[in-house]
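Just final_25.cif here, mmCIF, C-alpha atoms:
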```
data_protein
#
loop_
_atom_site.label_atom_id
_atom_site.label_comp_id
_atom_site.auth_asym_id
_atom_site.auth_seq_id
_atom_site.Cartn_x
_atom_site.Cartn_y
_atom_site.Cartn_z
CA MET A 1 29.73 21.01 49.61
CA ALA A 2 31.59 18.33 47.71
CA GLN A 3 31.75 18.45 43.97
CA THR A 4 29.97 15.31 42.90
CA GLN A 5 30.01 13.68 39.50
CA THR A 6 28.81 10.38 38.19
CA TRP A 7 27.71 8.36 35.21
CA THR A 8 23.94 8.08 35.28
CA ASP A 9 21.99 4.85 34.94
CA THR A 10 20.46 6.12 31.70
CA GLY A 11 23.94 6.97 30.41
CA ILE A 12 25.15 3.45 30.99
CA ALA A 13 22.00 2.11 29.37
CA GLU A 14 22.77 4.25 26.31
CA LEU A 15 26.29 2.81 26.26
CA ILE A 16 24.87 -0.69 26.24
CA LEU A 17 22.62 0.23 23.33
CA LEU A 18 25.65 1.57 21.46
CA LEU A 19 27.57 -1.65 22.10
CA ARG A 20 24.60 -3.65 20.84
CA GLU A 21 24.42 -1.41 17.77
CA GLU A 22 20.88 -0.45 18.62
CA ALA A 23 19.45 3.03 18.25
CA ALA A 24 21.67 5.27 20.36
CA THR A 25 24.06 8.17 19.97
CA GLY A 26 27.34 9.14 21.55
CA MET A 27 28.56 11.94 23.78
CA GLU A 28 28.03 15.16 21.86
CA SER A 29 26.03 17.73 23.86
CA ILE A 30 26.44 19.61 27.10
CA VAL A 31 24.08 21.76 29.14
CA THR A 32 24.30 23.67 32.39
CA LEU A 33 22.23 22.93 35.47
CA ILE A 34 20.56 26.01 36.87
CA MET A 35 19.86 26.05 40.61
CA ALA A 36 20.28 28.58 43.42
CA THR A 37 21.88 26.10 45.83
CA PRO A 38 24.46 23.35 45.26
CA CYS A 39 23.11 20.09 43.89
CA THR A 40 24.30 16.52 44.41
CA ALA A 41 24.93 14.34 41.37
CA ALA A 42 23.01 11.07 41.42
CA VAL A 43 23.06 7.94 39.27
CA ALA A 44 19.27 8.10 39.12
CA SER A 45 19.27 11.52 37.47
CA THR A 46 17.98 11.66 33.92
CA TYR A 47 17.90 14.17 31.10
CA ALA A 48 14.33 15.09 32.00
CA ASP A 49 14.90 15.01 35.75
CA PRO A 50 18.31 16.39 36.81
CA ALA A 51 19.69 16.30 40.35
CA ASP A 52 17.60 17.81 43.12
CA THR A 53 15.54 20.71 41.77
CA ALA A 54 18.02 21.73 39.09
CA VAL A 55 16.76 22.52 35.61
CA HIS A 56 18.61 22.70 32.34
CA GLY A 57 19.85 26.09 31.24
CA SER A 58 17.55 27.29 28.48
CA ASP A 59 18.97 30.68 27.56
CA GLY A 60 21.68 33.20 28.35
CA GLY A 61 24.35 31.19 26.53
CA LEU A 62 23.89 28.29 28.92
CA ALA A 63 21.41 26.16 26.97
CA ILE A 64 22.26 22.77 25.51
CA GLN A 65 24.94 22.95 22.82
CA ALA A 66 27.47 20.81 21.01
CA ILE A 67 30.56 19.99 23.08
CA ASP A 68 33.60 21.85 21.73
CA THR A 69 35.91 18.83 21.86
CA VAL A 70 35.35 15.17 22.63
CA GLY A 71 38.55 13.14 22.70
CA GLY A 72 39.77 9.85 23.95
CA ASP A 73 42.68 7.61 24.69
CA THR A 74 42.55 3.90 24.03
CA THR A 75 46.26 3.23 24.06
CA ASN A 76 46.42 1.22 27.24
CA THR A 77 44.15 -0.60 29.64
CA ALA A 78 45.15 1.61 32.56
CA GLY A 79 44.23 4.88 30.97
CA ASP A 80 41.33 4.36 28.62
CA THR A 81 39.50 7.60 28.88
CA ILE A 82 37.06 9.86 27.16
CA THR A 83 37.68 13.56 27.52
CA PHE A 84 35.42 16.52 26.86
CA ASP A 85 36.12 20.23 26.89
CA HIS A 86 33.69 23.07 26.48
CA VAL A 87 33.41 26.78 27.11
CA PHE A 88 30.09 28.41 27.95
CA THR A 89 29.83 32.17 27.62
CA ALA A 90 27.01 33.71 29.61
CA THR A 91 24.89 36.45 28.12
CA GLU A 92 22.68 36.76 31.20
CA THR A 93 23.14 36.47 34.96
CA ARG A 94 22.54 32.88 36.02
CA ASN A 95 23.37 30.55 38.92
CA VAL A 96 25.04 27.45 37.51
CA ALA A 97 25.15 24.47 39.87
CA GLY A 98 26.50 21.84 37.48
CA ILE A 99 26.39 20.28 34.05
CA HIS A 100 24.90 17.40 32.12
CA VAL A 101 26.86 15.71 29.36
CA CYS A 102 24.36 14.34 26.88
CA ASN A 103 23.96 12.31 23.72
CA ASN A 104 23.49 13.71 20.23
CA ASP A 105 19.74 13.24 20.34
CA ASP A 106 19.60 15.48 23.42
CA ASN A 107 17.45 13.05 25.32
CA VAL A 108 19.92 11.04 27.44
CA THR A 109 22.35 12.28 30.08
CA PHE A 110 25.58 10.32 30.24
CA LEU A 111 27.26 12.22 33.05
CA GLU A 112 26.06 14.56 35.74
CA CYS A 113 28.36 16.89 37.67
CA CYS A 114 27.43 19.22 40.51
CA PHE A 115 30.09 21.79 41.41
CA ASN A 116 31.66 22.61 44.79
CA ALA A 117 29.45 25.66 44.96
CA VAL A 118 26.94 27.46 42.80
CA LEU A 119 28.80 29.53 40.21
CA ALA A 120 27.21 32.94 39.84
CA MET A 121 27.73 33.79 36.19
CA GLU A 122 27.31 37.30 34.87
CA ASN A 123 27.05 38.58 31.33
CA THR A 124 30.27 37.78 29.36
CA ASP A 125 31.64 35.47 32.09
CA THR A 126 32.96 32.19 30.77
CA LEU A 127 32.66 28.72 32.25
CA THR A 128 35.33 26.33 31.04
CA ILE A 129 34.57 22.67 31.50
CA ASP A 130 37.36 20.12 31.24
CA GLY A 131 36.17 16.63 31.98
CA GLN A 132 37.51 13.15 31.82
CA SER A 133 36.01 9.75 32.44
CA THR A 134 38.14 6.69 32.93
CA ILE A 135 36.24 3.78 31.50
CA ASP A 136 38.85 1.14 32.16
CA GLN A 137 40.99 1.42 35.24
CA ALA A 138 43.28 -1.58 35.35
CA MET B 1 44.76 -16.05 33.87
CA PRO B 2 44.88 -13.88 30.76
CA SER B 3 44.99 -10.22 31.57
CA ASN B 4 41.93 -9.47 29.48
CA SER B 5 39.71 -12.16 30.97
CA ILE B 6 36.34 -11.22 32.33
CA ALA B 7 37.32 -12.32 35.85
CA SER B 8 40.30 -10.03 35.97
CA LYS B 9 38.14 -7.12 34.90
CA SER B 10 35.61 -7.55 37.68
CA GLY B 11 35.54 -4.84 40.31
CA ARG B 12 36.45 -2.04 37.94
CA ARG B 13 34.23 0.92 37.63
CA THR B 14 34.04 4.14 35.75
CA LYS B 15 35.40 7.33 37.24
CA VAL B 16 34.53 10.87 36.30
CA ALA B 17 36.59 13.99 36.95
CA VAL B 18 35.29 17.38 35.88
CA GLY B 19 36.98 20.72 36.35
CA ALA B 20 34.92 23.89 35.96
CA THR B 21 36.57 27.27 35.73
CA LEU B 22 34.54 30.46 36.03
CA ALA B 23 36.36 33.40 34.51
CA ARG B 24 35.81 36.92 33.29
CA SER B 25 35.73 37.62 29.58
CA ASP B 26 39.39 38.72 29.75
CA GLY B 27 40.38 35.31 31.09
CA THR B 28 40.84 36.34 34.72
CA ILE B 29 39.90 33.36 36.85
CA ILE B 30 37.16 33.98 39.40
CA VAL B 31 37.04 30.45 40.78
CA ARG B 32 37.70 26.87 39.78
CA SER B 33 35.56 23.99 41.01
CA LEU B 34 37.57 20.79 41.43
CA PRO B 35 36.60 17.13 41.45
CA ILE B 36 36.94 15.20 44.70
CA GLN B 37 37.10 11.45 44.47
CA PRO B 38 35.43 9.45 47.23
CA PRO B 39 37.65 7.01 49.16
CA GLU B 40 38.12 3.46 47.94
CA PRO B 41 36.05 0.97 49.95
CA PRO B 42 37.99 -1.08 52.53
CA GLN B 43 39.71 -4.13 51.10
CA CYS B 44 39.47 -6.24 54.28
CA VAL B 45 37.71 -6.24 57.65
CA LYS B 46 40.88 -5.87 59.71
CA PHE B 47 41.11 -2.86 62.00
CA LYS B 48 43.93 -1.43 59.88
CA CYS B 49 41.78 -1.45 56.72
CA LEU B 50 38.71 -0.04 58.45
CA TRP B 51 40.76 2.65 60.17
CA LYS B 52 42.32 3.67 56.85
CA PHE B 53 38.85 3.89 55.29
CA PHE B 54 37.65 6.01 58.21
CA LEU B 55 40.59 8.41 57.82
CA ASP B 56 40.16 8.57 54.04
CA THR B 57 36.45 9.32 54.45
CA LEU B 58 37.17 12.00 57.04
CA PHE B 59 39.74 13.59 54.75
CA CYS B 60 37.33 13.51 51.81
CA SER B 61 34.66 15.20 53.91
CA LEU B 62 37.07 17.89 55.13
CA GLU B 63 38.43 18.51 51.65
CA SER B 64 34.88 18.81 50.30
CA THR B 65 34.05 21.31 53.01
CA TYR B 66 37.19 23.31 52.23
CA HIS B 67 36.47 23.54 48.51
CA GLY B 68 32.84 24.47 49.11
CA ILE B 69 33.83 27.34 51.40
CA ARG B 70 36.70 28.30 49.09
CA CYS B 71 34.44 28.61 46.04
CA GLU B 72 31.94 30.76 47.91
CA TYR B 73 34.72 32.92 49.34
CA ALA B 74 36.40 33.42 45.97
CA GLN B 75 33.14 34.47 44.34
CA LYS B 76 32.20 36.85 47.14
CA ASN B 77 35.61 38.48 46.85
CA LYS B 78 36.01 38.36 43.09
CA ASP B 79 36.62 42.10 42.94
CA LYS B 80 39.23 42.02 45.70
CA LYS B 81 42.79 40.76 45.69
CA ILE B 82 42.81 37.36 47.36
CA PRO B 83 45.43 34.58 47.34
CA GLU B 84 45.45 32.68 44.06
CA LYS B 85 45.04 29.36 45.87
CA TYR B 86 41.49 30.28 46.83
CA LYS B 87 40.62 30.88 43.19
CA THR B 88 42.32 27.84 41.67
CA GLY B 89 42.07 25.39 44.56
CA ASN B 90 45.73 24.53 44.15
CA PRO B 91 47.67 23.52 46.11
CA ARG B 92 44.91 21.49 47.71
CA PRO B 93 45.12 20.05 51.25
CA LYS B 94 47.01 16.76 51.24
CA ASN B 95 46.02 15.38 54.63
CA ILE B 96 43.52 15.82 57.45
CA ARG B 97 45.70 18.27 59.36
CA GLN B 98 46.21 20.51 56.33
CA ALA B 99 42.50 20.39 55.52
CA ILE B 100 41.49 21.44 59.04
CA ILE B 101 44.00 24.29 59.06
CA ALA B 102 42.87 25.43 55.61
CA ILE B 103 39.21 25.47 56.68
CA ILE B 104 40.00 27.45 59.86
CA LYS B 105 42.08 29.97 57.89
CA LEU B 106 39.30 30.44 55.37
CA LYS B 107 36.62 30.84 58.04
CA LEU B 108 38.73 33.49 59.76
CA ARG B 109 38.97 35.38 56.46
CA ARG B 110 35.21 35.43 55.89
#
```
Target encoding structure tokens, full file:
Amino acid sequence: MAQTQTWTDTGIAELILLLREEAATGMESIVTLIMATPCTAAVASTYADPADTAVHGSDGGLAIQAIDTVGGDTTNTAGDTITFDHVFTATETRNVAGIHVCNNDDNVTFLECCFNAVLAMENTDTLTIDGQSTIDQA
Amino acid sequence: MPSNSIASKSGRRTKVAVGATLARSDGTIIVRSLPIQPPEPPQCVKFKCLWKFFLDTLFCSLESTYHGIRCEYAQKNKDKKIPEKYKTGNPRPKNIRQAIIAIIKLKLRR
């Protein structure tokens, strides 16, 4: 199964709202996608309706939380990126199929990623996410 | 045309690359899921361009298959000693031939 990742339509819509200085918030939260089989990221996915039959992690250390680090690089037109890094620590056994990167209001998903395979997390296991999105690729 | 004109920006799109590393509490890596970028669409309708797109797509499919099997294999054998490349995904196959060989080797191990 391919790892798939994409900006969602709702994420781009939130970006447009930000650019128009309308009510919107930036990339600040992250949550796991719980599913027993691999999912496929889709642009049509939303915060309320993730890929396939995946649901947001709600406990066990895998619920929505503030992203550890959100960074960026705007130094050149070829490498304008936003980066995000986060570490989840499981306190229960869960099957993690992917992640959602969300806004600060926790109601919009910017990015959806479904992993190569379901990651079977056990108590005290860690899941380190290091992501990057190139906004401007000259 | 100025480099920052709207016309020169057309055709760009956003790309996302996410790495996910599952590890034990002591930092021992169990498996790392890696991003796979889909091939660029063909730039012309000549046979050469279409053939390149076909090969790129085939490679992407094979590489995806390899990493899917690799992640499952690494998790099933997390308590055994297995080659580091199956945990980290690196080095990753660089061409179709390497991808096919890597898949066959992994399937023989399972």
Can you tell me, as a JSON list (two decimals) with C-alpha atoms, keeping the file's coordinate frame, what residues are no more than 6 Å from Ala54 (chain A) when counting all atoms listed in the file, ignoring any on the same chain fewer than 5 positions away?
```
[["chain", "number", "residue", "atom", "x", "y", "z"],
["A", 33, "LEU", "CA", 22.23, 22.93, 35.47],
["A", 34, "ILE", "CA", 20.56, 26.01, 36.87],
["A", 35, "MET", "CA", 19.86, 26.05, 40.61]]
```
Atom pair CA of Gln3 (chain A) + CA of Thr91 (chain A), distance 24.9 Å
Exactly which residues make up the result of the PyMOL selection byres ((chain A) within 6 of (chain B)) on this file, given as a ChimeraX atom specification? /A:1-3,115-117,124-135
Using only C-alpha atoms - which residues lie no farther than 8 Å from the point (19.6, 7.7, 27.4) in the file's frame? Write them as a PDB file with C-alpha atoms, keeping the file's coordinate frame.
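Saved file result08.pdb follows:
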```pdb
ATOM      1  CA  THR A  10      20.460   6.120  31.700  1.00  0.00           C
ATOM      2  CA  GLY A  11      23.940   6.970  30.410  1.00  0.00           C
ATOM      3  CA  ILE A  12      25.150   3.450  30.990  1.00  0.00           C
ATOM      4  CA  ALA A  13      22.000   2.110  29.370  1.00  0.00           C
ATOM      5  CA  GLU A  14      22.770   4.250  26.310  1.00  0.00           C
ATOM      6  CA  ALA A  24      21.670   5.270  20.360  1.00  0.00           C
ATOM      7  CA  THR A  46      17.980  11.660  33.920  1.00  0.00           C
ATOM      8  CA  TYR A  47      17.900  14.170  31.100  1.00  0.00           C
ATOM      9  CA  ASN A 103      23.960  12.310  23.720  1.00  0.00           C
ATOM     10  CA  ASN A 107      17.450  13.050  25.320  1.00  0.00           C
ATOM     11  CA  VAL A 108      19.920  11.040  27.440  1.00  0.00           C
ATOM     12  CA  THR A 109      22.350  12.280  30.080  1.00  0.00           C
ATOM     13  CA  PHE A 110      25.580  10.320  30.240  1.00  0.00           C
TER      14      PHE A 110
END
```
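The closest residue to His86 (chain A), picked from A:Leu17, A:Ala51, A:Val118, A:Ala66 and counting all atoms listed in the file, is A:Ala66.
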Quick one: apply the PyMOL selection byres ((chain A and resi 101) around 9) to the file and drop the selected residues here as a PDB file with C-alpha atoms, in the coordinates of the input.
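Contents of selection29.pdb, as written:
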```pdb
ATOM      1  CA  MET A  27      28.560  11.940  23.780  1.00  0.00           C
ATOM      2  CA  GLU A  28      28.030  15.160  21.860  1.00  0.00           C
ATOM      3  CA  SER A  29      26.030  17.730  23.860  1.00  0.00           C
ATOM      4  CA  ILE A  30      26.440  19.610  27.100  1.00  0.00           C
ATOM      5  CA  VAL A  31      24.080  21.760  29.140  1.00  0.00           C
ATOM      6  CA  THR A  32      24.300  23.670  32.390  1.00  0.00           C
ATOM      7  CA  ILE A  67      30.560  19.990  23.080  1.00  0.00           C
ATOM      8  CA  PHE A  84      35.420  16.520  26.860  1.00  0.00           C
ATOM      9  CA  ILE A  99      26.390  20.280  34.050  1.00  0.00           C
ATOM     10  CA  HIS A 100      24.900  17.400  32.120  1.00  0.00           C
ATOM     11  CA  CYS A 102      24.360  14.340  26.880  1.00  0.00           C
ATOM     12  CA  ASN A 103      23.960  12.310  23.720  1.00  0.00           C
ATOM     13  CA  VAL A 108      19.920  11.040  27.440  1.00  0.00           C
ATOM     14  CA  THR A 109      22.350  12.280  30.080  1.00  0.00           C
ATOM     15  CA  PHE A 110      25.580  10.320  30.240  1.00  0.00           C
ATOM     16  CA  LEU A 111      27.260  12.220  33.050  1.00  0.00           C
ATOM     17  CA  GLU A 112      26.060  14.560  35.740  1.00  0.00           C
ATOM     18  CA  CYS A 113      28.360  16.890  37.670  1.00  0.00           C
TER      19      CYS A 113
END
```
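Taking CA of Ile16 (chain A) as the reference point, CA of Asp52 (chain A) is found at 26.1 Å.
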The distance between CA of Gly89 (chain B) and CA of Ala102 (chain B) is 11.1 Å
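Closest approach to Gly71 (chain A) among A:Cys39, A:Gly26, A:Ala90, A:Glu122 is made by A:Gly26 (distances from only C-alpha atoms).
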